[in-house]
file coords.tsv (TSV, C-alpha atoms)
chain	number	residue	atom	x	y	z
A	1	MET	CA	272.39	35.07	42.87
A	2	ARG	CA	274.69	32.21	42.70
A	3	GLU	CA	272.32	29.95	44.47
A	4	HIS	CA	269.52	31.06	42.14
A	5	ASP	CA	271.60	30.30	39.05
A	6	ASP	CA	272.51	26.91	40.39
A	7	LEU	CA	268.87	26.08	40.85
A	8	GLU	CA	268.09	27.09	37.29
A	9	GLU	CA	270.93	24.95	35.88
A	10	GLN	CA	269.85	21.99	37.95
A	11	ALA	CA	266.28	22.38	36.74
A	12	SER	CA	267.44	22.51	33.06
A	13	ALA	CA	269.46	19.41	33.55
A	14	ASP	CA	266.59	17.60	35.09
A	15	GLY	CA	264.38	18.66	32.18
A	16	GLU	CA	266.69	17.43	29.57
A	17	ALA	CA	267.19	14.16	31.35
A	18	GLY	CA	263.45	13.57	31.52
A	19	GLY	CA	262.80	14.78	28.00
A	20	SER	CA	260.17	17.20	29.32
A	21	THR	CA	259.35	20.42	27.57
A	22	GLN	CA	257.77	22.05	30.72
A	23	PRO	CA	259.25	25.40	31.55
A	24	ALA	CA	261.07	25.64	34.84
A	25	ARG	CA	259.17	27.01	37.91
A	26	THR	CA	260.77	29.43	40.21
A	27	PHE	CA	259.65	30.28	43.83
A	28	SER	CA	260.48	33.76	44.84
A	29	GLU	CA	257.72	33.90	47.65
A	30	PRO	CA	256.28	31.25	49.97
A	31	ASN	CA	252.96	29.78	48.75
A	32	LEU	CA	251.73	28.29	52.06
A	33	VAL	CA	248.38	29.87	53.22
A	34	LEU	CA	246.63	28.88	56.55
A	35	ARG	CA	242.79	28.83	56.34
A	36	ASP	CA	240.20	28.45	59.26
A	37	PRO	CA	237.56	25.84	58.30
A	38	ASP	CA	234.80	28.07	59.99
A	39	PRO	CA	235.52	31.80	59.62
A	40	TYR	CA	232.67	32.57	62.18
A	41	ALA	CA	233.80	30.15	64.89
A	42	PHE	CA	235.55	32.83	66.94
A	43	ALA	CA	232.54	35.17	66.83
A	44	ASN	CA	230.24	32.31	67.83
A	45	ARG	CA	232.46	31.47	70.76
A	46	ILE	CA	232.37	35.09	71.89
A	47	ARG	CA	228.59	35.14	71.51
A	48	ARG	CA	228.21	31.99	73.64
A	49	LEU	CA	230.47	33.41	76.30
A	50	VAL	CA	228.42	36.61	76.41
A	51	PHE	CA	225.18	34.59	76.72
A	52	ILE	CA	226.60	32.43	79.53
A	53	PHE	CA	227.84	35.53	81.33
A	54	ALA	CA	224.43	37.21	80.99
A	55	ALA	CA	222.66	34.08	82.28
A	56	LEU	CA	224.96	33.86	85.30
A	57	THR	CA	224.45	37.56	85.96
A	58	LEU	CA	220.66	37.11	85.95
A	59	LEU	CA	220.89	34.10	88.25
A	60	ILE	CA	223.04	36.01	90.71
A	61	ALA	CA	221.65	39.51	90.44
A	62	GLY	CA	218.06	38.65	89.38
A	63	PRO	CA	216.55	38.14	92.86
A	64	TYR	CA	218.17	41.35	94.08
A	65	LEU	CA	216.82	43.30	91.10
A	66	VAL	CA	213.34	41.84	91.57
A	67	ARG	CA	213.34	42.77	95.27
A	68	HIS	CA	214.71	46.19	94.44
A	69	PHE	CA	212.06	47.03	91.85
A	70	SER	CA	209.28	45.38	93.94
A	71	TYR	CA	210.27	47.46	96.93
A	72	HIS	CA	210.18	50.68	94.95
A	73	TYR	CA	206.85	49.70	93.40
A	74	ARG	CA	205.30	48.92	96.80
A	75	TYR	CA	206.76	52.07	98.27
A	76	ALA	CA	205.32	54.17	95.45
A	77	GLN	CA	201.92	52.49	95.89
A	78	GLN	CA	201.95	52.95	99.67
A	79	ARG	CA	203.03	56.54	99.30
A	80	ALA	CA	200.20	57.19	96.87
A	81	ASP	CA	197.69	55.54	99.26
A	82	TYR	CA	199.11	57.58	102.14
A	83	ASP	CA	198.74	60.84	100.23
A	84	VAL	CA	195.20	59.99	99.12
A	85	ALA	CA	194.21	59.01	102.68
A	86	THR	CA	195.75	62.18	104.09
A	87	GLU	CA	193.83	64.33	101.66
A	88	GLY	CA	190.63	62.37	102.14
A	89	LEU	CA	190.82	62.50	105.92
A	90	SER	CA	191.36	66.24	105.85
A	91	GLU	CA	188.23	66.57	103.72
A	92	ASP	CA	186.12	64.07	105.73
A	93	ARG	CA	187.45	65.04	109.14
A	94	VAL	CA	184.25	66.86	110.01
A	95	ARG	CA	182.12	63.79	109.34
A	96	LEU	CA	184.47	61.47	111.24
A	97	GLN	CA	184.57	63.87	114.14
A	98	ASP	CA	180.78	64.00	114.06
A	99	LEU	CA	180.68	60.19	114.36
A	100	MET	CA	183.18	60.24	117.21
A	101	THR	CA	181.28	63.02	118.97
A	102	GLY	CA	178.02	61.14	118.48
A	103	SER	CA	179.49	57.99	119.98
A	104	ARG	CA	180.69	59.93	123.00
A	105	LEU	CA	177.25	61.45	123.46
A	106	VAL	CA	175.57	58.03	123.26
A	107	ALA	CA	177.89	56.73	125.99
A	108	LYS	CA	177.21	59.76	128.19
A	109	ARG	CA	173.45	59.53	127.70
A	110	ILE	CA	173.13	55.84	128.66
A	111	GLY	CA	175.92	55.80	131.26
A	112	PRO	CA	173.96	57.10	134.31
A	113	SER	CA	171.22	54.49	133.74
A	114	VAL	CA	173.51	51.43	133.63
A	115	VAL	CA	174.06	49.50	136.86
A	116	SER	CA	176.23	46.61	137.98
A	117	VAL	CA	174.29	43.74	139.58
A	118	GLN	CA	176.30	41.75	142.15
A	119	ARG	CA	175.47	38.52	143.98
A	120	PRO	CA	177.32	38.54	147.32
A	121	GLY	CA	178.42	35.28	148.88
A	122	PHE	CA	180.60	33.92	151.66
A	123	ARG	CA	183.74	34.32	149.53
A	124	GLY	CA	183.00	37.67	147.97
A	125	GLN	CA	181.02	38.03	144.76
A	126	GLU	CA	179.47	34.79	143.51
A	127	GLY	CA	178.39	36.36	140.24
A	128	GLN	CA	177.99	39.61	138.46
A	129	GLY	CA	175.86	41.04	135.69
A	130	SER	CA	174.43	44.32	134.47
A	131	GLY	CA	171.10	46.08	134.38
A	132	VAL	CA	169.47	49.29	133.22
A	133	ILE	CA	167.26	51.72	135.17
A	134	VAL	CA	164.04	52.06	133.17
A	135	ASP	CA	162.01	54.02	135.75
A	136	GLU	CA	163.13	56.82	138.05
A	137	GLU	CA	161.15	55.15	140.84
A	138	GLY	CA	163.99	52.62	140.99
A	139	TYR	CA	162.90	49.82	138.66
A	140	ILE	CA	165.73	48.01	136.91
A	141	LEU	CA	165.50	45.51	134.04
A	142	THR	CA	168.06	42.71	133.81
A	143	ASN	CA	168.32	39.03	132.81
A	144	PHE	CA	166.67	36.17	134.69
A	145	HIS	CA	169.91	34.19	134.69
A	146	VAL	CA	171.71	37.07	136.42
A	147	VAL	CA	169.49	36.94	139.53
A	148	THR	CA	168.17	33.37	139.69
A	149	GLY	CA	169.18	31.50	142.83
A	150	ALA	CA	170.74	34.56	144.45
A	151	ASN	CA	170.61	34.87	148.25
A	152	GLY	CA	170.84	38.63	147.94
A	153	LEU	CA	171.54	41.28	145.35
A	154	LEU	CA	173.60	44.45	145.43
A	155	VAL	CA	173.32	47.14	142.78
A	156	GLU	CA	176.13	49.61	142.12
A	157	LEU	CA	175.21	52.76	140.25
A	158	ASP	CA	177.32	54.75	137.84
A	159	ASP	CA	177.88	57.43	140.50
A	160	GLY	CA	179.36	54.85	142.90
A	161	ARG	CA	176.37	54.36	145.20
A	162	ILE	CA	175.71	50.77	146.27
A	163	THR	CA	172.38	49.49	147.59
A	164	GLU	CA	170.40	46.31	148.03
A	165	ALA	CA	167.87	45.32	145.38
A	166	THR	CA	164.61	43.40	145.58
A	167	ILE	CA	163.37	41.06	142.86
A	168	ILE	CA	159.93	42.28	141.79
A	169	GLY	CA	159.36	39.66	139.12
A	170	ALA	CA	161.21	37.21	136.90
A	171	ASP	CA	160.43	35.15	133.82
A	172	GLU	CA	162.69	32.28	132.81
A	173	ALA	CA	161.07	31.78	129.41
A	174	THR	CA	162.12	35.22	128.15
A	175	ASP	CA	165.16	35.46	130.48
A	176	LEU	CA	164.05	38.77	132.01
A	177	ALA	CA	163.80	40.03	135.58
A	178	VAL	CA	162.74	43.29	137.23
A	179	LEU	CA	164.54	44.64	140.31
A	180	LYS	CA	163.66	47.53	142.63
A	181	ILE	CA	166.00	49.84	144.54
A	182	ASP	CA	165.14	52.68	146.88
A	183	LEU	CA	167.43	55.60	146.07
A	184	PRO	CA	166.73	59.19	145.06
A	185	ASP	CA	168.03	61.09	142.05
A	186	LEU	CA	167.94	58.23	139.57
A	187	ILE	CA	168.22	58.77	135.81
A	188	ALA	CA	166.15	56.37	133.74
A	189	ALA	CA	166.96	55.34	130.19
A	190	GLU	CA	164.40	55.90	127.47
A	191	TRP	CA	162.94	53.10	125.38
A	192	GLY	CA	163.61	52.83	121.66
A	193	ASP	CA	161.70	50.77	119.11
A	194	SER	CA	163.59	47.67	117.99
A	195	ASP	CA	161.10	47.22	115.14
A	196	ASP	CA	162.66	50.29	113.49
A	197	LEU	CA	166.11	48.67	113.40
A	198	GLN	CA	167.60	47.42	110.15
A	199	VAL	CA	170.60	45.23	109.45
A	200	GLY	CA	173.69	47.43	109.44
A	201	ASP	CA	172.38	49.99	111.96
A	202	LEU	CA	174.88	51.22	114.55
A	203	VAL	CA	174.34	50.05	118.14
A	204	TRP	CA	176.20	50.34	121.45
A	205	ALA	CA	176.29	47.97	124.44
A	206	ALA	CA	176.90	49.15	128.01
A	207	GLY	CA	177.60	47.08	131.10
A	208	SER	CA	180.19	45.53	133.39
A	209	PRO	CA	182.04	42.76	131.52
A	210	PHE	CA	184.26	40.81	133.95
A	211	GLY	CA	183.30	43.38	136.57
A	212	LEU	CA	184.74	46.30	134.58
A	213	ARG	CA	182.07	48.92	135.18
A	214	ARG	CA	181.26	51.73	132.75
A	215	SER	CA	182.31	49.67	129.73
A	216	VAL	CA	180.86	50.55	126.32
A	217	THR	CA	181.31	48.59	123.08
A	218	PHE	CA	180.21	49.43	119.57
A	219	GLY	CA	179.04	47.56	116.47
A	220	ILE	CA	176.18	46.97	114.06
A	221	VAL	CA	172.98	44.96	113.88
A	222	SER	CA	173.92	41.72	112.11
A	223	ALA	CA	170.49	40.09	111.83
A	224	LEU	CA	166.91	40.43	113.04
A	225	GLY	CA	164.33	37.96	114.36
A	226	ARG	CA	166.56	35.12	115.55
A	227	ARG	CA	163.95	32.66	116.87
A	228	SER	CA	163.82	28.99	117.79
A	229	SER	CA	163.61	28.04	114.11
A	230	SER	CA	167.07	29.57	113.56
A	231	GLY	CA	168.70	27.29	116.14
A	232	VAL	CA	169.68	30.12	118.48
A	233	THR	CA	167.10	29.30	121.16
A	234	ASN	CA	165.02	26.30	122.18
A	235	THR	CA	161.91	28.14	123.34
A	236	ALA	CA	159.19	29.74	121.28
A	237	TYR	CA	158.97	32.68	123.69
A	238	GLN	CA	162.45	34.01	122.90
A	239	GLU	CA	163.51	36.19	120.01
A	240	TYR	CA	166.88	37.90	119.57
A	241	LEU	CA	168.63	40.68	117.75
A	242	GLN	CA	172.00	39.51	116.48
A	243	THR	CA	174.87	42.00	116.63
A	244	ASP	CA	178.66	42.03	116.39
A	245	VAL	CA	178.95	44.17	119.54
A	246	ALA	CA	181.49	42.71	121.96
A	247	ILE	CA	179.60	41.04	124.84
A	248	ASN	CA	181.36	39.14	127.64
A	249	PRO	CA	180.41	37.60	131.01
A	250	GLY	CA	179.07	40.46	133.11
A	251	ASN	CA	177.40	42.24	130.19
A	252	SER	CA	174.20	40.20	130.60
A	253	GLY	CA	171.23	42.38	131.45
A	254	GLY	CA	172.84	45.58	130.22
A	255	PRO	CA	171.23	47.77	127.56
A	256	LEU	CA	171.76	47.78	123.81
A	257	VAL	CA	171.15	51.33	122.55
A	258	ASP	CA	170.73	53.03	119.19
A	259	VAL	CA	172.22	56.26	117.81
A	260	ASN	CA	169.80	58.24	119.97
A	261	GLY	CA	170.96	56.54	123.16
A	262	ASN	CA	167.60	54.80	123.55
A	263	VAL	CA	167.27	51.18	124.71
A	264	VAL	CA	166.52	48.88	121.77
A	265	GLY	CA	167.54	45.63	123.45
A	266	ILE	CA	168.76	43.81	126.56
A	267	ASN	CA	172.09	42.06	126.03
A	268	THR	CA	171.63	38.42	126.87
A	269	ALA	CA	173.80	35.80	125.22
A	270	ILE	CA	176.82	34.88	123.12
A	271	ILE	CA	177.86	31.73	121.26
A	272	GLY	CA	180.41	29.71	123.21
A	273	GLN	CA	182.18	30.55	126.45
A	274	SER	CA	183.64	33.84	125.22
A	275	TYR	CA	182.87	36.48	122.61
A	276	ARG	CA	183.45	35.24	119.04
A	277	GLY	CA	181.99	38.10	117.06
A	278	ILE	CA	178.34	37.17	117.57
A	279	SER	CA	176.11	38.42	120.38
A	280	PHE	CA	172.37	38.45	121.03
A	281	ALA	CA	169.97	40.88	122.67
A	282	ILE	CA	166.27	40.68	123.54
A	283	PRO	CA	164.44	43.25	121.35
A	284	SER	CA	162.96	46.20	123.19
A	285	THR	CA	159.49	45.45	121.82
A	286	ILE	CA	159.54	42.19	123.81
A	287	ALA	CA	161.55	43.44	126.78
A	288	ARG	CA	159.33	46.47	127.37
A	289	ARG	CA	156.10	44.45	127.22
A	290	GLN	CA	157.46	41.81	129.59
A	291	TYR	CA	158.79	44.52	131.91
A	292	GLU	CA	155.35	46.05	132.29
A	293	LEU	CA	153.80	42.66	133.10
A	294	LEU	CA	156.52	41.70	135.58
A	295	LYS	CA	156.33	45.09	137.28
A	296	ARG	CA	152.55	44.78	137.62
A	297	ASP	CA	152.05	41.07	138.40
A	298	GLY	CA	155.49	39.67	139.24
A	299	TRP	CA	155.11	36.85	136.70
A	300	ILE	CA	154.06	36.15	133.11
A	301	GLU	CA	150.87	34.18	132.50
A	302	ARG	CA	150.72	32.35	129.18
A	303	GLY	CA	148.10	30.26	127.46
A	304	TYR	CA	148.88	26.60	126.80
A	305	LEU	CA	147.09	24.32	124.34
A	306	GLY	CA	149.24	21.22	124.54
A	307	VAL	CA	149.50	20.62	120.80
A	308	SER	CA	152.31	20.57	118.25
A	309	PRO	CA	151.25	22.62	115.21
A	310	ARG	CA	152.96	22.78	111.84
A	311	GLU	CA	152.27	24.04	108.34
A	312	VAL	CA	149.77	22.19	106.17
A	313	PRO	CA	151.59	20.20	103.43
A	314	GLU	CA	150.94	21.38	99.88
A	315	ARG	CA	149.20	18.14	98.82
A	316	MET	CA	146.80	18.27	101.79
A	317	ARG	CA	146.13	21.97	101.12
A	318	ARG	CA	145.00	21.14	97.58
A	319	VAL	CA	142.77	18.30	98.79
A	320	LEU	CA	141.14	20.52	101.41
A	321	ASN	CA	141.02	23.49	99.03
A	322	LEU	CA	142.94	25.77	101.41
A	323	ALA	CA	144.53	29.02	100.36
A	324	GLY	CA	148.23	29.65	100.85
A	325	GLY	CA	149.03	30.14	104.55
A	326	GLU	CA	145.53	29.04	105.59
A	327	GLY	CA	145.08	26.39	108.25
A	328	VAL	CA	147.36	24.65	110.74
A	329	LEU	CA	148.08	20.93	110.95
A	330	ILE	CA	148.09	19.46	114.49
A	331	SER	CA	150.80	16.83	114.34
A	332	ASP	CA	150.71	15.82	118.01
A	333	VAL	CA	148.64	16.25	121.19
A	334	VAL	CA	150.31	16.30	124.60
A	335	ARG	CA	148.83	13.85	127.10
A	336	PRO	CA	147.68	15.03	129.57
A	337	GLY	CA	147.07	18.61	128.47
A	338	PRO	CA	144.28	21.14	127.84
A	339	ALA	CA	143.70	20.07	124.23
A	340	TYR	CA	143.65	16.38	125.15
A	341	ASN	CA	141.29	16.97	128.04
A	342	ALA	CA	139.00	19.00	125.82
call {"tool": "encode", "arguments": {"input": "coords.tsv", "output": "structure tokens"}}
result
Amino acid sequence: MREHDDLEEQASADGEAGGSTQPARTFSEPNLVLRDPDPYAFANRIRRLVFIFAALTLLIAGPYLVRHFSYHYRYAQQRADYDVATEGLSEDRVRLQDLMTGSRLVAKRIGPSVVSVQRPGFRGQEGQGSGVIVDEEGYILTNFHVVTGANGLLVELDDGRITEATIIGADEATDLAVLKIDLPDLIAAEWGDSDDLQVGDLVWAAGSPFGLRRSVTFGIVSALGRRSSSGVTNTAYQEYLQTDVAINPGNSGGPLVDVNGNVVGINTAIIGQSYRGISFAIPSTIARRQYELLKRDGWIERGYLGVSPREVPERMRRVLNLAGGEGVLISDVVRPGPAYNA
């Protein structure tokens, strides 16, 4: 109290000395107040820290979370596919088993008629191909390139018997040859009609690729009527069925069969040195006709004009008043030749 009174007296004295009439001010409590210039600064700093922390968490844990959820998604999808396939296979098992049984029956039906054609030499086998028995009298159809230039031929049957074969006839233009063996109890394959084939039909090939006898492969007809105009062959006398059946060296001359086990082609060629998904077979409509001629005569006799024909150009057809497809233009005459001599 004493100190307070002294302050009041001093203030009165000061007032009188200055002549001021202002009342004296007293300070019983401190009047200093601290204020933050931005009352939201602290909250903003916390917000930024939370954002930075979240960003770092995503950078670190993001890849793991993505892999985790992707794994579970893929697993769920695979599991669903697995369950659907399991149910579907149980429902379609009869049909799949029918296809498998049918394929087995095709192999068993053509198997006894397929032979391995071997060319013996001084150092063992000089070459090997396949063939198919088409007559129980011992006639075998194979490729010309399998037997050409051979000093002798051996034929091994499906039952293991081995015998010598004689070349009855051969035709290089169609790449076909007919052999004859003298053995009893032969089972001949039956002919099918290649003209009835359509793209997508199932076919089987039988033969001895790389000397592996009793080999059967399976596929579909990929295309029909592959002729010289398609770039597959250089001769007008050849025509091929194109398939995706696996054919390798040693398959040449073996049969191509349909779902009935009937011969619809003679496997002949591939593209390149090894199988690349494309193989070719001589259609049975050609092979059967050539077989009958070779069996009867030993060779194929063909007519030869000695001219190079081509289609009549549209402008010339209009000038000559020819209907569509009518007429042939002779673009060249071979000298000497029948047409030139005539």
call {"tool": "residues_around", "arguments": {"input": "coords.tsv", "residues": "Ala339 in chain A", "least_positions_apart": "3", "cutoff": "9 Å", "atoms": "all atoms listed in the file", "output": "list in words"}}
result
Tyr304, Leu305, Gly306, Val307, Val333, Val334, Arg335, Pro336 and Ala342 of chain A
call {"tool": "closest_residue", "arguments": {"input": "coords.tsv", "among": "A:Arg288, A:Lys295, A:Arg109, A:Arg47", "to": "Asp258 in chain A", "atoms": "only C-alpha atoms"}}
result
A:Arg109
call {"tool": "residues_near_point", "arguments": {"input": "coords.tsv", "point": "(150.4, 14.6, 115.0)", "cutoff": "12 Å", "atoms": "only C-alpha atoms", "output": "count of residues only"}}
result
14
call {"tool": "atom_distance", "arguments": {"input": "coords.tsv", "atom1": "CA of Ile220 in chain A", "atom2": "CA of Gly131 in chain A"}}
result
21.0 Å
call {"tool": "residues_around", "arguments": {"input": "coords.tsv", "residues": "range 238-243 of chain A", "least_positions_apart": "3", "cutoff": "8 Å", "atoms": "all atoms listed in the file", "output": "MDAnalysis selection string"}}
result
chainID A and resid 173:174 219:228 233 235 265 278:283
call {"tool": "write_last_selection", "arguments": {"input": "coords.tsv", "atoms": "C-alpha atoms", "output": "compact mmCIF listing (two decimals), in the frame of the given file"}}
result
# COMPACT_ATOMS: atom_id res chain seq x y z
CA ALA A 173 161.07 31.78 129.41
CA THR A 174 162.12 35.22 128.15
CA GLY A 219 179.04 47.56 116.47
CA ILE A 220 176.18 46.97 114.06
CA VAL A 221 172.98 44.96 113.88
CA SER A 222 173.92 41.72 112.11
CA ALA A 223 170.49 40.09 111.83
CA LEU A 224 166.91 40.43 113.04
CA GLY A 225 164.33 37.96 114.36
CA ARG A 226 166.56 35.12 115.55
CA ARG A 227 163.95 32.66 116.87
CA SER A 228 163.82 28.99 117.79
CA THR A 233 167.10 29.30 121.16
CA THR A 235 161.91 28.14 123.34
CA GLY A 265 167.54 45.63 123.45
CA ILE A 278 178.34 37.17 117.57
CA SER A 279 176.11 38.42 120.38
CA PHE A 280 172.37 38.45 121.03
CA ALA A 281 169.97 40.88 122.67
CA ILE A 282 166.27 40.68 123.54
CA PRO A 283 164.44 43.25 121.35
call {"tool": "residues_near_point", "arguments": {"input": "coords.tsv", "point": "(170.1, 47.6, 145.2)", "cutoff": "7 Å", "atoms": "all atoms listed in the file", "output": "ChimeraX atom specification"}}
result
/A:153-155,162-166,180-181
call {"tool": "residues_around", "arguments": {"input": "coords.tsv", "residues": "Leu186 in chain A", "least_positions_apart": "4", "cutoff": "12 Å", "atoms": "all atoms listed in the file", "output": "list in words"}}
result
Gly111, Pro112, Ser113, Val114, Val115, Val132, Ile133, Val134, Asp135, Glu136, Glu137, Gly138, Tyr139, Ile140, Leu157, Asp158, Asp159, Arg161, Lys180, Ile181 and Asp182 of chain A
call {"tool": "write_last_selection", "arguments": {"input": "coords.tsv", "atoms": "C-alpha atoms", "output": "short mmCIF file (atom, residue, chain, number, x, y, z; two decimals), in the frame of the given file"}}
result
data_model
loop_
_atom_site.label_atom_id
_atom_site.label_comp_id
_atom_site.auth_asym_id
_atom_site.auth_seq_id
_atom_site.Cartn_x
_atom_site.Cartn_y
_atom_site.Cartn_z
CA GLY A 111 175.92 55.80 131.26
CA PRO A 112 173.96 57.10 134.31
CA SER A 113 171.22 54.49 133.74
CA VAL A 114 173.51 51.43 133.63
CA VAL A 115 174.06 49.50 136.86
CA VAL A 132 169.47 49.29 133.22
CA ILE A 133 167.26 51.72 135.17
CA VAL A 134 164.04 52.06 133.17
CA ASP A 135 162.01 54.02 135.75
CA GLU A 136 163.13 56.82 138.05
CA GLU A 137 161.15 55.15 140.84
CA GLY A 138 163.99 52.62 140.99
CA TYR A 139 162.90 49.82 138.66
CA ILE A 140 165.73 48.01 136.91
CA LEU A 157 175.21 52.76 140.25
CA ASP A 158 177.32 54.75 137.84
CA ASP A 159 177.88 57.43 140.50
CA ARG A 161 176.37 54.36 145.20
CA LYS A 180 163.66 47.53 142.63
CA ILE A 181 166.00 49.84 144.54
CA ASP A 182 165.14 52.68 146.88
#
call {"tool": "residues_around", "arguments": {"input": "coords.tsv", "residues": "range 206-215 of chain A", "least_positions_apart": "4", "cutoff": "8 Å", "atoms": "all atoms listed in the file", "output": "mmCIF file with C-alpha atoms, in the frame of the given file"}}
result
data_model
loop_
_atom_site.group_PDB
_atom_site.id
_atom_site.type_symbol
_atom_site.label_atom_id
_atom_site.label_comp_id
_atom_site.auth_asym_id
_atom_site.auth_seq_id
_atom_site.Cartn_x
_atom_site.Cartn_y
_atom_site.Cartn_z
ATOM 1 C CA ALA A 107 177.890 56.730 125.990
ATOM 2 C CA ILE A 110 173.130 55.840 128.660
ATOM 3 C CA GLY A 111 175.920 55.800 131.260
ATOM 4 C CA VAL A 114 173.510 51.430 133.630
ATOM 5 C CA VAL A 115 174.060 49.500 136.860
ATOM 6 C CA SER A 116 176.230 46.610 137.980
ATOM 7 C CA GLN A 128 177.990 39.610 138.460
ATOM 8 C CA GLY A 129 175.860 41.040 135.690
ATOM 9 C CA SER A 130 174.430 44.320 134.470
ATOM 10 C CA GLY A 131 171.100 46.080 134.380
ATOM 11 C CA ASP A 158 177.320 54.750 137.840
ATOM 12 C CA ILE A 247 179.600 41.040 124.840
ATOM 13 C CA ASN A 248 181.360 39.140 127.640
ATOM 14 C CA PRO A 249 180.410 37.600 131.010
ATOM 15 C CA GLY A 250 179.070 40.460 133.110
ATOM 16 C CA ASN A 251 177.400 42.240 130.190
ATOM 17 C CA SER A 252 174.200 40.200 130.600
ATOM 18 C CA GLY A 253 171.230 42.380 131.450
ATOM 19 C CA GLY A 254 172.840 45.580 130.220
ATOM 20 C CA PRO A 255 171.230 47.770 127.560
ATOM 21 C CA LEU A 256 171.760 47.780 123.810
#
call {"tool": "closest_residue", "arguments": {"input": "coords.tsv", "among": "A:Asn341, A:Gln118, A:Ser194, A:Ser90", "to": "Val257 in chain A", "atoms": "all atoms listed in the file"}}
result
A:Ser194
call {"tool": "atom_distance", "arguments": {"input": "coords.tsv", "atom1": "CA of Ala236 in chain A", "atom2": "CA of Arg119 in chain A"}}
result
29.3 Å
